[in-house]
file my_file_27.cif (mmCIF, C-alpha atoms and all ligand atoms)
data_upload
loop_
_atom_site.group_PDB
_atom_site.id
_atom_site.type_symbol
_atom_site.label_atom_id
_atom_site.label_comp_id
_atom_site.auth_asym_id
_atom_site.auth_seq_id
_atom_site.Cartn_x
_atom_site.Cartn_y
_atom_site.Cartn_z
ATOM 1 C CA MET W 724 113.787 33.321 133.723
ATOM 2 C CA THR W 725 117.192 33.147 135.366
ATOM 3 C CA ALA W 726 120.179 35.248 134.324
ATOM 4 C CA ARG W 727 121.658 32.090 132.811
ATOM 5 C CA ASP W 728 118.493 31.449 130.745
ATOM 6 C CA LEU W 729 118.496 35.074 129.591
ATOM 7 C CA SER W 730 122.142 34.849 128.604
ATOM 8 C CA ARG W 731 121.463 31.676 126.601
ATOM 9 C CA ALA W 732 118.424 33.294 124.920
ATOM 10 C CA VAL W 733 120.538 36.308 123.909
ATOM 11 C CA ARG W 734 123.251 34.026 122.476
ATOM 12 C CA GLU W 735 120.651 32.033 120.531
ATOM 13 C CA THR W 736 119.119 35.228 119.122
ATOM 14 C CA GLU W 737 122.533 36.515 118.054
ATOM 15 C CA ALA W 738 123.314 33.131 116.464
ATOM 16 C CA ARG W 739 120.060 33.375 114.442
ATOM 17 C CA TYR W 740 121.097 36.865 113.253
ATOM 18 C CA GLU W 741 124.569 35.597 112.317
ATOM 19 C CA ARG W 742 123.128 32.732 110.248
ATOM 20 C CA TRP W 743 120.593 35.015 108.539
ATOM 21 C CA ALA W 744 123.140 37.728 107.776
ATOM 22 C CA ARG W 745 125.768 35.278 106.509
ATOM 23 C CA ALA W 746 123.216 33.587 104.250
ATOM 24 C CA ILE W 747 122.436 36.844 102.448
ATOM 25 C CA GLY W 748 125.888 38.442 102.582
ATOM 26 C CA LEU W 749 125.371 41.040 105.305
ATOM 27 C CA ARG W 750 127.535 42.073 108.222
ATOM 28 C CA PRO W 751 126.468 44.154 111.219
ATOM 29 C CA SER W 752 126.847 47.946 111.135
ATOM 30 C CA GLN W 753 126.879 50.398 114.012
ATOM 31 C CA ALA W 754 125.158 53.073 111.884
ATOM 32 C CA GLN W 755 122.063 54.837 113.190
ATOM 33 C CA ARG W 756 118.931 52.723 112.807
ATOM 34 C CA CYS W 757 117.210 55.128 110.451
ATOM 35 C CA PRO W 758 115.763 54.854 106.920
ATOM 36 C CA ARG W 759 117.432 58.192 106.062
ATOM 37 C CA VAL W 760 120.847 56.714 106.886
ATOM 38 C CA VAL W 761 120.117 53.748 104.588
ATOM 39 C CA ALA W 762 119.322 56.322 101.879
ATOM 40 C CA GLY W 763 122.724 57.989 102.435
ATOM 41 C CA LEU W 764 121.317 60.937 104.402
ATOM 42 C CA ARG W 765 121.708 62.043 108.023
ATOM 43 C CA CYS W 766 119.245 61.043 110.684
ATOM 44 C CA THR W 767 117.443 64.195 111.804
ATOM 45 C CA ALA W 768 116.079 62.815 115.078
ATOM 46 C CA TRP W 769 116.087 65.554 117.732
ATOM 47 C CA ARG W 770 117.640 67.998 115.198
ATOM 48 C CA SER W 771 114.430 69.221 113.647
ATOM 49 C CA ALA W 772 110.922 70.164 114.752
ATOM 50 C CA ALA W 773 109.535 67.512 112.414
ATOM 51 C CA PRO W 774 110.131 63.902 113.461
ATOM 52 C CA CYS W 775 112.776 61.999 111.524
ATOM 53 C CA ALA W 776 111.644 58.957 109.525
ATOM 54 C CA CYS W 777 112.996 56.684 112.263
ATOM 55 C CA GLN W 778 110.827 58.471 114.833
ATOM 56 C CA ALA W 779 107.721 58.621 112.643
ATOM 57 C CA LEU W 780 108.045 54.889 111.923
ATOM 58 C CA ASP W 781 109.186 53.792 115.381
ATOM 59 C CA ARG W 782 106.328 51.286 115.774
ATOM 60 C CA VAL W 783 107.081 49.440 112.540
ATOM 61 C CA LEU W 784 110.875 49.760 113.059
ATOM 62 C CA ASP W 785 110.756 47.679 116.245
ATOM 63 C CA HIS W 786 113.981 45.716 116.909
ATOM 64 C CA ALA W 787 115.728 47.588 114.079
ATOM 65 C CA ARG W 788 119.326 46.799 113.138
ATOM 66 C CA VAL W 789 121.607 48.137 110.417
ATOM 67 C CA TRP W 790 123.686 45.908 108.183
ATOM 68 C CA LEU W 791 126.249 46.357 105.425
ATOM 69 C CA ARG W 792 126.351 44.637 102.072
ATOM 70 C CA ALA W 793 129.769 43.747 100.636
ATOM 71 C CA ASP W 794 129.593 46.839 98.394
ATOM 72 C CA GLY W 795 129.070 49.108 101.421
ATOM 73 C CA ARG W 796 125.343 49.713 100.986
ATOM 74 C CA ARG W 797 123.421 49.847 104.225
ATOM 75 C CA VAL W 798 120.410 47.675 104.913
ATOM 76 C CA LEU W 799 117.911 48.243 107.715
ATOM 77 C CA SER W 800 116.094 45.292 109.240
ATOM 78 C CA ALA W 801 113.098 45.730 111.502
ATOM 79 C CA GLU W 802 111.041 43.085 113.260
ATOM 80 C CA PRO W 803 107.681 44.217 114.571
ATOM 81 C CA TYR W 804 105.217 41.799 116.151
ATOM 82 C CA ASP W 805 102.463 43.070 113.892
ATOM 83 C CA VAL W 806 102.085 45.511 111.028
ATOM 84 C CA THR W 807 98.908 47.446 110.225
ATOM 85 C CA SER W 808 97.859 48.880 106.882
ATOM 86 C CA ASP W 809 98.670 52.351 108.285
ATOM 87 C CA ASP W 810 102.188 51.143 109.170
ATOM 88 C CA LEU W 811 102.699 49.784 105.669
ATOM 89 C CA ALA W 812 101.317 52.938 104.054
ATOM 90 C CA ALA W 813 103.626 55.148 106.141
ATOM 91 C CA LEU W 814 106.612 52.905 105.376
ATOM 92 C CA LEU W 815 105.792 52.904 101.671
ATOM 93 C CA VAL W 816 105.514 56.718 101.546
ATOM 94 C CA CYS W 817 108.849 56.989 103.376
ATOM 95 C CA ALA W 818 110.461 54.466 101.028
ATOM 96 C CA ILE W 819 109.241 56.299 97.933
ATOM 97 C CA GLU W 820 110.436 59.668 99.296
ATOM 98 C CA LEU W 821 113.886 58.292 100.137
ATOM 99 C CA GLY W 822 114.357 56.018 97.102
ATOM 100 C CA LEU W 823 114.182 52.871 99.210
ATOM 101 C CA VAL W 824 112.451 49.540 98.751
ATOM 102 C CA PHE W 825 111.387 47.037 101.367
ATOM 103 C CA SER W 826 110.406 43.392 101.551
ATOM 104 C CA ILE W 827 108.531 41.471 104.233
ATOM 105 C CA HIS W 828 109.614 38.003 105.338
ATOM 106 C CA GLY W 829 107.989 35.469 107.630
ATOM 107 C CA ALA W 830 111.345 34.086 108.864
ATOM 108 C CA SER W 831 112.376 36.629 111.497
ATOM 109 C CA PRO W 832 115.522 36.133 113.605
ATOM 110 C CA TRP W 833 114.304 38.236 116.555
ATOM 111 C CA ASN W 834 111.418 36.031 117.668
ATOM 112 C CA PRO W 835 110.739 33.339 115.068
ATOM 113 C CA GLY W 836 107.055 32.664 114.680
ATOM 114 C CA ALA W 837 106.053 35.880 116.474
ATOM 115 C CA THR W 838 107.751 38.764 114.629
ATOM 116 C CA VAL W 839 107.932 39.518 110.903
ATOM 117 C CA LEU W 840 111.114 40.678 109.214
ATOM 118 C CA LEU W 841 111.168 43.872 107.145
ATOM 119 C CA VAL W 842 114.279 44.455 105.039
ATOM 120 C CA ILE W 843 114.690 48.045 103.864
ATOM 121 C CA GLU W 844 117.371 49.174 101.424
ATOM 122 C CA ARG W 845 118.131 51.486 98.547
ATOM 123 C CA ALA W 846 116.273 50.788 95.342
ATOM 124 C CA GLN W 847 118.587 49.341 92.732
ATOM 125 C CA PRO W 848 118.729 51.314 89.513
ATOM 126 C CA ASP W 849 116.743 49.610 86.772
ATOM 127 C CA PRO W 850 119.451 48.048 84.540
ATOM 128 C CA MET W 851 117.374 48.691 81.409
ATOM 129 C CA GLN W 852 116.926 52.343 82.330
ATOM 130 C CA ALA W 853 120.634 52.707 83.101
ATOM 131 C CA GLN W 854 121.447 51.172 79.725
ATOM 132 C CA HIS W 855 118.984 53.493 77.986
ATOM 133 C CA LYS W 856 120.500 56.506 79.794
ATOM 134 C CA GLY W 857 123.947 55.409 78.613
ATOM 135 C CA GLU W 858 122.740 55.233 75.019
ATOM 136 C CA GLN W 859 121.453 58.810 75.225
ATOM 137 C CA GLN W 860 124.874 60.215 76.165
HETATM 138 ZN ZN ZN E 901 116.305 59.160 111.816
#
call {"tool": "encode", "arguments": {"input": "my_file_27.cif", "output": "structure tokens"}}
result
Amino acid sequence: MTARDLSRAVRETEARYERWARAIGLRPSQAQRCPRVVAGLRCTAWRSAAPCACQALDRVLDHARVWLRADGRRVLSAEPYDVTSDDLAALLVCAIELGLVFSIHGASPWNPGATVLLVIERAQPDPMQAQHKGEQQ
């Protein structure tokens, strides 16, 4: 692959990300690529003896990027080439602990047809529960 081919491949990849992000109302963020950051917490990588979520999940968080919704909420995308049941279990435990949810998509901008797209973000409050809470006050 020549430098010119590589440059074109990078531009095509970025164009796929732009189309994907625009279609679902996201814009790129420079925030740390960490589930804790998406949850509104600080990344603890290299600050603690225990690995941060982003370090513990580094295999499944391959090609991770952070995005912003219009309301300022952060979204983490990750695009591994494969995901094992152990990966999913670890991601699910992390998501539950941090109040996050994730979805898995076959259309992945990084390497279409080869990678899968994981979209990780804060769980939305259940509107019925919020309404019920309001009635109790
Ligand atoms: Zn982290």
call {"tool": "resolve_selection", "arguments": {"input": "my_file_27.cif", "expression": "the PyMOL selection byres (((not hetatm)) within 7 of (chain E and resi 901))", "output": "PDB file with C-alpha atoms, in the coordinates of the input"}}
result
ATOM      1  CA  CYS W 757     117.210  55.128 110.451  1.00  0.00           C
ATOM      2  CA  PRO W 758     115.763  54.854 106.920  1.00  0.00           C
ATOM      3  CA  ARG W 759     117.432  58.192 106.062  1.00  0.00           C
ATOM      4  CA  CYS W 766     119.245  61.043 110.684  1.00  0.00           C
ATOM      5  CA  THR W 767     117.443  64.195 111.804  1.00  0.00           C
ATOM      6  CA  ALA W 768     116.079  62.815 115.078  1.00  0.00           C
ATOM      7  CA  CYS W 775     112.776  61.999 111.524  1.00  0.00           C
ATOM      8  CA  ALA W 776     111.644  58.957 109.525  1.00  0.00           C
ATOM      9  CA  CYS W 777     112.996  56.684 112.263  1.00  0.00           C
ATOM     10  CA  GLN W 778     110.827  58.471 114.833  1.00  0.00           C
TER      11      GLN W 778
END
call {"tool": "resolve_selection", "arguments": {"input": "my_file_27.cif", "expression": "the PyMOL selection byres (((chain W and resi 814-823) around 6) and not hetatm)", "output": "PyMOL selection string"}}
result
chain W and resi 811-813+824+844-846
call {"tool": "write_last_selection", "arguments": {"input": "my_file_27.cif", "atoms": "C-alpha atoms", "output": "PDB file, keeping the file's coordinate frame"}}
result
ATOM      1  CA  LEU W 811     102.699  49.784 105.669  1.00  0.00           C
ATOM      2  CA  ALA W 812     101.317  52.938 104.054  1.00  0.00           C
ATOM      3  CA  ALA W 813     103.626  55.148 106.141  1.00  0.00           C
ATOM      4  CA  VAL W 824     112.451  49.540  98.751  1.00  0.00           C
ATOM      5  CA  GLU W 844     117.371  49.174 101.424  1.00  0.00           C
ATOM      6  CA  ARG W 845     118.131  51.486  98.547  1.00  0.00           C
ATOM      7  CA  ALA W 846     116.273  50.788  95.342  1.00  0.00           C
TER       8      ALA W 846
END
call {"tool": "atom_distance", "arguments": {"input": "my_file_27.cif", "atom1": "CA of Ile827 in chain W", "atom2": "CA of Val839 in chain W"}}
result
7.0 Å
call {"tool": "closest_atom_pairs", "arguments": {"input": "my_file_27.cif", "of": "range 792-825 of chain W", "to": "range 732-744 of chain W", "cutoff": "12 Å", "atoms": "only C-alpha atoms", "output": "CSV"}}
result
residue,atom,partner,partner_atom,distance
W:Arg792,CA,W:Ala744,CA,9.5
W:Ala793,CA,W:Ala744,CA,11.5
W:Val798,CA,W:Ala744,CA,10.7
W:Leu799,CA,W:Ala744,CA,11.7
W:Ser800,CA,W:Ala744,CA,10.4
W:Glu802,CA,W:Tyr740,CA,11.8
call {"tool": "resolve_selection", "arguments": {"input": "my_file_27.cif", "expression": "the PyMOL selection byres (((chain W and resi 834) around 10) and not hetatm)", "output": "list in words"}}
result
Thr736, Arg739, Glu802, Pro803, Tyr804, Ala830, Ser831, Pro832, Trp833, Pro835, Gly836, Ala837, Thr838, Val839 and Leu840 of chain W
call {"tool": "closest_residue", "arguments": {"input": "my_file_27.cif", "among": "W:Leu729, W:Val761, W:Leu841, W:Leu784", "to": "Arg797 in chain W", "atoms": "all atoms listed in the file"}}
result
W:Val761
call {"tool": "atom_distance", "arguments": {"input": "my_file_27.cif", "atom1": "CA of Leu749 in chain W", "atom2": "CA of Leu791 in chain W"}}
result
5.4 Å
call {"tool": "atom_distance", "arguments": {"input": "my_file_27.cif", "atom1": "CA of Asp809 in chain W", "atom2": "CA of Ala772 in chain W"}}
result
22.6 Å
call {"tool": "axis_aligned_box", "arguments": {"input": "my_file_27.cif", "around": "range 779-783 of chain W", "padding_each_side": "8 Å", "output": "lines of an AutoDock Vina configuration file"}}
result
center_x = 107.8
center_y = 54.0
center_z = 113.8
size_x = 18.9
size_y = 25.2
size_z = 19.9
call {"tool": "residues_around", "arguments": {"input": "my_file_27.cif", "residues": "Arg756 in chain W", "least_positions_apart": "3", "cutoff": "7 Å", "atoms": "all atoms listed in the file", "output": "JSON, numbers by chain"}}
result
{"W": [787, 788, 789, 799]}
call {"tool": "closest_residue", "arguments": {"input": "my_file_27.cif", "among": "W:Arg782, W:Arg765, W:Arg727, W:Arg770", "to": "Asp810 in chain W", "atoms": "only C-alpha atoms"}}
result
W:Arg782
call {"tool": "decode", "arguments": {"input": "my_file_27.cif", "residues": "range 771-836 of chain W", "atoms": "C-alpha atoms", "output": "short mmCIF file (atom, residue, chain, number, x, y, z; two decimals), in the first residue's frame"}}
result
data_model
loop_
_atom_site.label_atom_id
_atom_site.label_comp_id
_atom_site.auth_asym_id
_atom_site.auth_seq_id
_atom_site.Cartn_x
_atom_site.Cartn_y
_atom_site.Cartn_z
CA SER W 771 -4.95 3.42 40.70
CA ALA W 772 -3.57 -0.05 41.39
CA ALA W 773 -6.74 -1.54 39.92
CA PRO W 774 -7.14 -1.20 36.15
CA CYS W 775 -9.65 1.38 34.95
CA ALA W 776 -12.66 0.11 32.97
CA CYS W 777 -10.99 1.24 29.74
CA GLN W 778 -7.93 -0.88 30.57
CA ALA W 779 -9.91 -3.91 31.75
CA LEU W 780 -11.99 -3.80 28.55
CA ASP W 781 -9.20 -2.82 26.15
CA ARG W 782 -9.80 -5.84 23.88
CA VAL W 783 -13.49 -5.12 23.35
CA LEU W 784 -12.88 -1.33 23.20
CA ASP W 785 -10.72 -1.66 20.08
CA HIS W 786 -10.85 1.42 17.79
CA ALA W 787 -12.76 3.35 20.47
CA ARG W 788 -13.92 6.92 19.86
CA VAL W 789 -15.93 9.35 21.97
CA TRP W 790 -18.84 11.34 20.62
CA LEU W 791 -21.22 14.00 21.90
CA ARG W 792 -24.98 14.09 21.58
CA ALA W 793 -26.64 17.48 21.07
CA ASP W 794 -27.54 17.56 24.78
CA GLY W 795 -23.88 17.10 25.76
CA ARG W 796 -24.05 13.43 26.74
CA ARG W 797 -21.01 11.43 25.77
CA VAL W 798 -21.20 8.27 23.71
CA LEU W 799 -18.39 5.74 23.34
CA SER W 800 -18.11 3.70 20.16
CA ALA W 801 -15.85 0.68 19.91
CA GLU W 802 -15.23 -1.58 16.95
CA PRO W 803 -13.59 -4.90 17.72
CA TYR W 804 -13.05 -7.55 15.06
CA ASP W 805 -14.66 -10.16 17.28
CA VAL W 806 -16.38 -10.31 20.64
CA THR W 807 -16.39 -13.33 22.94
CA SER W 808 -18.94 -14.20 25.60
CA ASP W 809 -16.33 -13.21 28.22
CA ASP W 810 -15.96 -9.80 26.53
CA LEU W 811 -19.72 -9.29 26.57
CA ALA W 812 -20.02 -10.42 30.19
CA ALA W 813 -17.24 -8.04 31.28
CA LEU W 814 -18.80 -5.18 29.30
CA LEU W 815 -22.23 -5.90 30.75
CA VAL W 816 -20.90 -5.93 34.34
CA CYS W 817 -19.10 -2.64 33.67
CA ALA W 818 -22.23 -1.12 32.12
CA ILE W 819 -24.40 -2.15 35.07
CA GLU W 820 -21.86 -0.78 37.58
CA LEU W 821 -21.60 2.55 35.76
CA GLY W 822 -25.27 2.96 34.78
CA LEU W 823 -24.51 2.54 31.09
CA VAL W 824 -26.20 0.61 28.30
CA PHE W 825 -24.73 -0.67 25.07
CA SER W 826 -25.95 -1.88 21.71
CA ILE W 827 -24.19 -3.95 19.04
CA HIS W 828 -24.49 -3.11 15.35
CA GLY W 829 -23.33 -4.95 12.26
CA ALA W 830 -22.71 -1.72 10.28
CA SER W 831 -19.31 -0.61 11.56
CA PRO W 832 -17.54 2.44 10.09
CA TRP W 833 -14.02 1.28 11.00
CA ASN W 834 -13.83 -1.76 8.74
CA PRO W 835 -17.26 -2.54 7.29
CA GLY W 836 -17.87 -6.25 7.06
#
